[in-house]
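Peer 1: Attaching a single structure in structure tokens format; questions to follow.
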Amino acid sequence: MIFRTPKQAGEWVNRTKKINFTFEGEAFSAFEGDTISSALWAAGQKVLGRSFKYHRARGVLSLANHDVNVLMTDGIDTNIRADVVEVKEGMVLTAVNTSGGVKKDKNSYIDSISPLLPVGFYYKAFHTPRRLFPFWENIIRKAAGLGVVNFDYPRILKRKTHSHCDVLVIGAGPTGLTAACTAAEAGLEVTIVDENRQLGGSLGYNRAGDSSVVSQLDILLAKAANMPNIKVMAGAYAAGYYPDHLIPVVSDSGINKVRAKAVIVASGAFEQPPVFRYNDLPGVMLGSAVQRLIYRYAVKPFNNGIVVTANDYGYRVALDLLQAGTKIVALVDMRQTGSAAYSAVLAKRGVKVYIGHCVYEAIASSDKSGVRGAVICAYDEKQNIALTDNKFTLECDGIAMSAGWAPAGALLYQAGTGMQFDYGVEQFVPSRLPNGMFAAGKVNGVFELEQRVRDGVRAANDAICHLGLQAPQNEAEKHVGISPSHPYPMVPHPKGKNFVDFDEDIQIKDFVNAAKEGFDNIELMKRFTTVGMGPSQGKHSNMNAIRILAKIRDLPVEKIGTTTSRPFFHPTPIGHLGGRGFHSHRLTSLHDWHQANGAVFTDIGAWKRAAYYPAAGQSKEDAIQTEALAVRKTAGIIDGSSFGKIEIHGPDAALFLERFFTGVYIDQKVGSCRYVMLLDESGVVVDDGIASRLADDLFYLSIGTSNAAAVYREMQRSQQIWQLNLGLVNVTGAYGAINIAGPAAREILSTLTDLDLSYESFPMSSVRESQVAGVETRMIRVAFVADNGYELHAPMGQIPHIWNALITAGKKHALRPFGSDTQRLLRLEMGHAMPGVDTDGLTNPFEIGAEWAIKMSKPYFIGQRSLTILAKRPLRKQLVPFVLAENYKGEMPMDCNLVVDGRDILGRVTSISYSKYLDRCIGFAYVTPSKKEAGSVFQIRVDSGALVAATVIKTPFIKTLKGA
Amino acid sequence: MQQFDVKSIIQTSPVAHAQPRESAKWEVINGMDTAVEFASVAIEDARKKVLGVADVSCLSRYGVKGPNATQWLLERGIAIPTTPNSWTICEQKTLVLRLGSSEFLIEDQLGGSACTRLASNTTRVASVYKVPRADAAFIVSGSEALNLFSELCSLDLREKSLAAKDLIMTQVAGISATVIRQTLNGEPVYRVWCDGTYGPYMWEVLIEIATELGGGAVGLAQYQNS
């Protein structure tokens with residue numbers, strides 16, 4: 001059966017172009033412009049989906065993306081929102097969440113056992129016996145979710161872009177369009193966004209059988225189209241609000257982050273269903289869905305319809321149905337008052353109107369695929385009960401329902417708008433808007449068309465003034481007359497199945513039960529019942545849930561409040577959120593050399609560093625040991641260009657270091673280097689490094705790779721506070737660094753520089769500026785990885801030249817490169833603890849035995865006050881160096897394995913490695929202070945649970961164990 | 001000791017790692033191995049009109065900061081932009097970028113000599129601090145340039161917001177960068193500077209998006225007569 005109406009003014013379908021597709025294996029045709037749902041409904045297909053929990057048959061509810069009755073799979077794509085997604089040629093569609101198809105879903109039996117599965121049953125089941133949990137888990141996992149995720153889904157780029165405007169208008173109904181035009185007329189740059197493919201909002205379909213409003217819409221659209229300073233984003237939704245008016249607008253192609261100077265929210269309202277038994281059957285739909293079917297897609301919703309309403313809107317819907325050729329069996333008005341404006345009009349058209357009545361229940365067809373009638377009875381509006389004594393049945397094939405509206409105010413909430421409940425319209429409306437935010441139309445509690453248009457002008461004028469231009473100040477519109485929303489459109493039924501939330505199959509009794517369980521706060525109730533937690537995010541259910549809870553608790557609605565609105569207010573695909581995926585990384589000027597020489601890279605901070613250089617067929621462990629042995633026996637060279645490098649210029653440079661670090665620098669001699677340790681204000685170790693004094697008023701600081709940016713930022717922040725006479729220059733990227741170390745390092749280096757490298761002239765912890773391979777270089781004598789080590793700092797672009805010269809000069813000494821992984825082993829052999837590796841976010845310097853690096857008698861340094869307090873407290877842990885037994889062959893402990901004493905946790909391993917040079921397993925671990933003395937033995941619990949004995953020794957390991 | 005002539009050291013563009021070694025034409029410019037041609041002139045011309053990205057890291061630069069930096073530059077004949085976060089041009093088309101109230105980046109265009117002259121002053125002067133530069137630098141041209149930046153930068157780079165002599169220091173593709181809008185040979189272009197160690201990453205990102213938008217890499221030769 002085909003349910004197409006004659007051509008409708010302003011219809012969205014192109015009748016000249018047919019689209020062919022299949023649904024559940026059956027062939028269908030549609031018009032171009034049809035959504036999947038409208039095409040199927042037009043073809044008489046009413047069961048379009050199955051509900052999530054009870055697998056009940058579902059059809060169209062809102063036809064507006066405000067529910068997820070109809071989600072489909074098409075090939076690799078799933079959870080397609082069929083109500084709003086345009087049908088395409090060749091689509092092969094199936095409904096999600098069925099077993100055996102949407103018509104004969106094998107899981108529909110769950111509906112019959114629903115009394116066994118009330119909300120929250122899963123919180124109380126499956127716990128015991130524990131051995132059965134894997135069985136339940138398997139079932140739960142299969143039941144969870146809707147569409148099946150395809151793990152072969154291709155990566156389809158969704159761009160994330162930015163744009164800017166003076167005024168962003170959200171919603172392109174009559175209010176939004178008017179606001180946009182008004183703002184544009186003032187010369188402002190306007191962006192208007194609407195989730196629908198075409199603009200106009202309800203002006204396109206809320207006609208009450210009179211299509212003359214279409215011309216009003218056409219005039220508005222033409223006006224907007226003729227304004228070059230209006231940018232239209234149709235088929236896109238404003239998904240959230242972030243500070244300073246940043247609004248992500250989501251469309252098929254990606255996310256556009258719009259930064260606006262002012263925002264006008266004219267987002268309208270979501271229609272709310274009245275709640276009665278079987279209000280979810282296919283054929284029972286919202287009044288606005290009826291109108292959308294008729295006027296957008298030229299589809300007759302049903303042949304013999306009942307309209308149940310709790311406001312005047314239902315009467316308008318009835319007139320639209322009549323216009324579409326539907327016979328109205330009855331209009332059932334839950335209100336005692338009826339409609340003064342429309343009752344007579346409908347009566348003239350021969351429609352029977354039942355005032356003060358309700359639909360007690362919808363009656364399903366024999367196969368439960370649709371509606372065959374409705375039980376009508378009187379309704380006590382004050383008590384909110386159905387008076388069933390004189391109930392009667394009317395036959396019909398569809399029910400249109402209208403009960404009221406909930407403002408689409410998610411972005412207003414997110415922006416921090418104060419909302420209050422307005423009993424004149426029975427909805428929450430803005431009472432206090434943030435600076436630069438404006439609300440207009442239904443979301444502002446204004447419903448009559450003329451008023452909405454005026455409200456749009458008023459909001460635009462307010463925005464214009466906000467932006468510093470002149471505009472008239474209009475009075476705020478206020479709804480007059482009967483409320484567009486009913487305060488409590490619920491019809492209790494002893495057998496339930498009167499659904500509030502269609503996503504999660506939540507009925508009135510579920511709220512009652514939740515309250516009985518003590519979940520009688522709206523946030524708790526939401527989580528217990530899961531109302532509003534489905535893909536619809538409460539668009540059609542939250543307001544009714546609030547009303548029900550208010551009734552249960554006998555409180556006014558405003559005392560119940562609303563749940564927290566968070567962005568994104570509408571489910572957004574992960575691909576959109578991911579976008580292009582920017583992974584910024586830094587490369588040293590030696591990167592190509594490392595690559596050409598077989599380096600394996602590792603990420604350290606933002607840098608790609610050579611970790612080690614395995615020979616063909618060589619394991620990582622072997623490569624590291626080989627490189628480390630070269631440093632111990634001849635010489636090794638490492639690219640240290642990623643180290644943080646900062647210059648401190650000026651007469652107060654030494655004073656700055658005194659305040660910033662824990663040591664003493666005032667008396668540091670030019671040409672010498674000193675250790676620096678940075679703490680935070682709580683006394684936690686942040687980083688360490690070397691300060692080289694190049695002149696009285698110039699220090700050159702080299703610090704770790706990972707923290708360099710953060711340390712520099714903190715230096716800048718401190719300087720802003722201290723205002724010393726100095727300049728900070730971050731040269732991390734401008735200078736590269738090479739560390740050459742090992743017994744042959746001095747001899748190799750001496751071939752490239754005329755600097756006297758003798759230990760007397762260039763002792764440990766000193767710095768010299770000289771040429772290396774012809775390049776001006778800062779040379780620092782360090783002993784980080786070996787006693788004989790030189791750090792060479794030079795302009796990044798010239799580092800490859802120095803490196804190549806060293807490699808050439810070192811050939812006869814078997815000089816070889818080593819990577820950052822090898823560096824970690826070498827520093828461990830030297831007994832150097834590393835911040836970030838051997839410390840964590842709570843470690844203070846006393847715990848790592850760094851008292852020697854602290855000058856507490858200084859007037860001030862960062863963290864000093866905390867250390868004063870910490871120094872008075874007993875230590876709770878201590879970092880100690882340890883070895884495993886000689887020839888230990890058992891399971892190797894790992895970083896972070898626990899140090900234990902019986903069931904007590906004493907600490908953890910922070911670094912551990914086998915050293916081929918020492919032929920021992922060495923490491924650092926935190927232990928209780930009582931175990932800190934050399935010779936103490938403690939136990940490490942390895943991954944298998946076995947205990948491994950470790951002995952505390954003195955560092956450097958190479959001296960203690962090898963006498964080197 | 002081996003002897004080296006520092007002038008003979010040829011550096012490589014910090015961006016080079018991300019550029020095709022084989023298919024591009026390379027030349028040493030200002031002592032830096034630089035890609036001067038990625039495709040035929042016709043193809044690069046077309047890219048330039050839609051969205052061209054050129055690596056101009058080889059241009060000479062000089063950085064200086066400190067309370068006396070302005071005076072020091074003025075004494076050496078460098079024109080100073082009047083306000084922070086703005087730029088100007090002095091002799092030989094040299095760009096003078098004022099990065100803050102007392103920090104400057106000077107960039108010679110091809111054939112310019114101001115940076116060499118400034119660098120020859122090795123005497124340390126009170127409250128004048130040299131800032132070593134190793135930037136990756138790019139010229140982005142074409143009708144789709146704003147479309148490209150809309151994906152990389154949250155700031156409004158349109159003429160309406162980024163005035164002719166404005167300079168912004170912001171995040172581009174997630175890293176710190178300096179951006180100005182300039183007219184070169186009558187064409188509006190954007191100039192972008194970032195830390196050289198991020199150069200390959202920045203190039204990859206720019207080229208990926210430029211290619212999607214119908215543009216691509218443009219060799220330095222396209223700007224050698226600018």
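For the structure tokens, the naming scheme is as follows: chains receive sequential letters (A, B, ...) according to their order of presentation, residues are indexed from 1 within each chain, and ligands are indexed from 1 in presentation order.
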Contacts of B:Asp5 at 9 Å or less, counting only C-alpha atoms, minus same-chain residues fewer than 5 places along, as a list in words?

Peer 2: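 Listed by chain and then number, they are Ala773, Gly774 and Val775 of chain A.
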
Peer 1: Do me a favour and pick out the residues of chain B within 9 Å of chain A, using only C-alpha atoms, as JSON, numbers by chain.

Peer 2: {"B": [1, 2, 3, 4, 5, 6, 9, 10, 11, 12, 13, 14, 17, 32, 65, 66, 67, 126, 127, 128, 129, 130, 131, 132, 133, 134, 135, 147, 148, 149, 150, 151, 152, 153, 154, 155, 156, 173, 174, 175, 195, 196, 197, 198, 199, 200, 201, 202, 205]}

Peer 1: Quick one: residues within 12 Å of stretch 114-124 of chain B, only C-alpha atoms counted, chain neighbours fewer than 4 positions away excluded, as a ChimeraX atom specification?

Peer 2: /A:649-650,695-698 /B:30,59-64,66,68-69,72-79,89-96,104-110,128-133

Peer 1: Since we have the selection now, will you write its residues out, keeping C-alpha atoms, as a compact mmCIF listing (two decimals), in the first residue's frame?

Peer 2:
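Done, and the output landed in result-v8.txt:
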```
# COMPACT_ATOMS: atom_id res chain seq x y z
CA HIS A 649 71.16 36.32 30.44
CA GLY A 650 71.58 39.36 32.62
CA ALA A 695 79.95 34.56 31.93
CA ASP A 696 79.12 36.49 35.04
CA ASP A 697 75.80 37.34 33.48
CA LEU A 698 75.17 34.25 31.41
CA ASN B 30 72.42 30.62 2.06
CA LEU B 59 66.35 32.57 4.58
CA SER B 60 68.77 34.18 7.01
CA ARG B 61 67.40 35.11 10.40
CA TYR B 62 68.51 36.97 13.43
CA GLY B 63 66.76 37.03 16.79
CA VAL B 64 67.25 39.45 19.62
CA GLY B 66 65.94 42.38 25.94
CA ASN B 68 67.60 47.51 25.04
CA ALA B 69 66.93 45.44 21.95
CA TRP B 72 70.21 48.37 19.61
CA LEU B 73 68.37 47.54 16.39
CA LEU B 74 67.57 51.16 15.66
CA GLU B 75 71.22 52.02 16.00
CA ARG B 76 71.93 49.44 13.32
CA GLY B 77 69.44 50.84 10.89
CA ILE B 78 66.67 48.34 11.43
CA ALA B 79 63.16 49.75 11.16
CA ILE B 89 59.80 45.81 6.10
CA CYS B 90 63.12 47.61 5.97
CA GLU B 91 65.83 47.82 3.34
CA GLN B 92 66.25 44.93 0.92
CA LYS B 93 62.75 43.72 1.83
CA THR B 94 64.04 42.46 5.17
CA LEU B 95 61.18 41.49 7.44
CA VAL B 96 61.24 42.82 10.96
CA PHE B 104 62.42 40.69 17.49
CA LEU B 105 62.89 38.31 14.63
CA ILE B 106 64.67 39.75 11.60
CA GLU B 107 64.51 37.78 8.37
CA ASP B 108 66.38 38.65 5.22
CA GLN B 109 64.73 37.79 1.97
CA LEU B 110 66.92 36.29 -0.73
CA VAL B 128 70.47 42.91 24.60
CA TYR B 129 70.23 39.15 24.30
CA LYS B 130 70.76 37.30 21.09
CA VAL B 131 68.15 34.66 20.36
CA PRO B 132 69.61 31.91 18.17
CA ARG B 133 67.12 30.98 15.46
```

Peer 1: Between atom CA of B:Ala217 and atom CA of B:Ile168, what is the distance, to one decimal in Å?

Peer 2: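 A separation of 23.9 Å between them.
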
Peer 1: Can you tell me which residues surround B:Ala35 at a distance of at most 10 Å, considering only C-alpha atoms, apart from same-chain residues fewer than 2 positions away, and format the answer as a list in words?

Peer 2: Thr12, Ser13, Val15, Ala16, Gln19, Pro20, Arg21, Ser23, Ala24, Lys25, Trp26, Glu27, Val28, Ile29, Met32, Asp33, Glu37, Phe38, Ala54, Asp55, Val56, Cys58, Ala217, Val218, Gly219, Leu220 and Ala221 of chain B

Peer 1: Go ahead and save the picked residues with C-alpha atoms, as a PDB file, in the first residue's frame.

Peer 2:
```
ATOM      1  CA  THR B  12      70.123  20.932   5.386  1.00  0.00           C
ATOM      2  CA  SER B  13      66.722  22.520   5.610  1.00  0.00           C
ATOM      3  CA  VAL B  15      62.137  20.446   6.752  1.00  0.00           C
ATOM      4  CA  ALA B  16      64.142  18.265   4.360  1.00  0.00           C
ATOM      5  CA  GLN B  19      60.549  16.286   1.497  1.00  0.00           C
ATOM      6  CA  PRO B  20      61.220  13.973  -1.443  1.00  0.00           C
ATOM      7  CA  ARG B  21      64.979  13.721  -1.907  1.00  0.00           C
ATOM      8  CA  SER B  23      61.974  13.849  -7.166  1.00  0.00           C
ATOM      9  CA  ALA B  24      62.646  17.398  -6.020  1.00  0.00           C
ATOM     10  CA  LYS B  25      65.380  19.630  -7.317  1.00  0.00           C
ATOM     11  CA  TRP B  26      67.774  20.767  -4.590  1.00  0.00           C
ATOM     12  CA  GLU B  27      70.097  23.725  -4.392  1.00  0.00           C
ATOM     13  CA  VAL B  28      72.285  25.180  -1.694  1.00  0.00           C
ATOM     14  CA  ILE B  29      70.901  28.586  -0.761  1.00  0.00           C
ATOM     15  CA  MET B  32      71.364  25.363   3.293  1.00  0.00           C
ATOM     16  CA  ASP B  33      70.371  22.493   1.031  1.00  0.00           C
ATOM     17  CA  GLU B  37      61.458  22.669  -7.369  1.00  0.00           C
ATOM     18  CA  PHE B  38      58.967  19.907  -6.699  1.00  0.00           C
ATOM     19  CA  ALA B  54      56.956  26.544   0.027  1.00  0.00           C
ATOM     20  CA  ASP B  55      59.825  25.877   2.422  1.00  0.00           C
ATOM     21  CA  VAL B  56      61.761  29.088   2.994  1.00  0.00           C
ATOM     22  CA  CYS B  58      66.970  28.841   4.256  1.00  0.00           C
ATOM     23  CA  ALA B 217      54.407  21.646  -2.560  1.00  0.00           C
ATOM     24  CA  VAL B 218      55.963  24.605  -4.296  1.00  0.00           C
ATOM     25  CA  GLY B 219      59.716  25.002  -4.662  1.00  0.00           C
ATOM     26  CA  LEU B 220      61.622  27.999  -3.444  1.00  0.00           C
ATOM     27  CA  ALA B 221      62.313  28.896  -7.058  1.00  0.00           C
TER      28      ALA B 221
END
```

Peer 1: Taking only C-alpha atoms into account, name the residue in B:Met169, B:Val53, B:Ala42, B:Leu97 that is nearest to B:Ala210.

Peer 2: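 Closest to B:Ala210 of all the choices is B:Val53.
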
Peer 1: Using only C-alpha atoms, find the one residue out of B:Leu167, B:Leu99, B:Cys194, B:Leu162 that sits nearest to B:Ala137.

Peer 2: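 The answer is B:Cys194, which sits nearest to B:Ala137.
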
Peer 1: Excluding A:Asn196 and any residue of its chain fewer than 3 positions from it, enumerate the residues within 8 Å of it, using only C-alpha atoms, and give them as a list of chain:residue names.

Peer 2: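 The residues that qualify are A:Leu199, A:Gly201, A:Ala234, A:Gly235, A:Ala236.
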
Peer 1: Interatomic distance between atom CA of A:Asp505 and atom CA of A:His55?

Peer 2: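 For atom CA of A:Asp505 relative to atom CA of A:His55, the distance reads 9.1 Å.
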
Peer 1: From a DSSP calculation on the backbone, collect every residue of stretch 459-707 of chain A in alpha helix (DSSP H) and output the set as a ChimeraX atom specification.

Peer 2: /A:459-466,508-516,522-529,542-553,557-560,574-578,591-596,620-633,653-660

Peer 1: Determine which residues of stretch 54-178 of chain B DSSP labels as strand (DSSP E) from the backbone of this structure, then write them out as a compact mmCIF listing (two decimals) with C-alpha atoms, in the first residue's frame.

Peer 2:
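Below is the file out_31.txt, written as the result:
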```txt
# COMPACT_ATOMS: atom_id res chain seq x y z
CA ALA B 54 56.96 26.54 0.03
CA ASP B 55 59.82 25.88 2.42
CA ARG B 61 67.40 35.11 10.40
CA TYR B 62 68.51 36.97 13.43
CA GLY B 63 66.76 37.03 16.79
CA VAL B 64 67.25 39.45 19.62
CA LYS B 65 65.43 40.34 22.81
CA SER B 86 53.27 43.61 14.32
CA TRP B 87 55.80 43.59 11.50
CA THR B 88 57.37 45.85 8.98
CA ILE B 89 59.80 45.81 6.10
CA LEU B 95 61.18 41.49 7.44
CA VAL B 96 61.24 42.82 10.96
CA LEU B 97 58.85 40.96 13.22
CA ARG B 98 58.16 42.36 16.65
CA GLU B 103 61.72 40.66 21.21
CA PHE B 104 62.42 40.69 17.49
CA LEU B 105 62.89 38.31 14.63
CA ILE B 106 64.67 39.75 11.60
CA GLU B 107 64.51 37.78 8.37
CA TYR B 129 70.23 39.15 24.30
CA LYS B 130 70.76 37.30 21.09
CA VAL B 131 68.15 34.66 20.36
CA ASP B 135 63.23 28.09 12.32
CA ALA B 136 61.32 26.14 9.80
CA ALA B 137 59.63 28.77 7.66
CA PHE B 138 56.90 28.50 5.07
CA ILE B 139 55.00 30.55 2.55
CA VAL B 140 51.40 29.48 2.08
CA SER B 141 49.63 30.90 -0.94
CA LEU B 167 51.54 39.38 13.62
CA ILE B 168 50.14 36.56 15.67
CA MET B 169 51.87 33.97 17.75
CA THR B 170 49.54 31.05 18.08
CA GLN B 171 49.23 27.32 17.70
CA VAL B 172 49.23 25.93 14.19
CA ILE B 175 52.54 23.68 17.85
CA SER B 176 53.70 27.20 18.52
CA ALA B 177 54.01 29.27 15.39
CA THR B 178 54.21 32.85 14.22
```

Peer 1: Name all residues at most 9 Å from A:Gln537 (count only C-alpha atoms; drop same-chain ones fewer than 6 positions away) and give them as a PyMOL selection string.

Peer 2: chain A and resi 66-67+503+531+569-571

Peer 1: Find the residues around A:Leu555 up to 12 Å (only C-alpha atoms counted), leave out those fewer than 6 positions away in its own chain, and share them as a PyMOL selection string.

Peer 2: chain A and resi 520-521+546-549+561

Peer 1: What's the separation between atom CA of A:Phe52 and atom CA of A:Arg527, in Å to one decimal place?

Peer 2: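 That distance, rounded to one decimal, is 16.9 Å.
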
Peer 1: Have a look at A:Pro487, A:Gly575, A:Gly314, A:Pro874 and name the one nearest to A:Ala208; count only C-alpha atoms.

Peer 2: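 Answer, going by the shortest atom-to-atom distance: A:Gly314.
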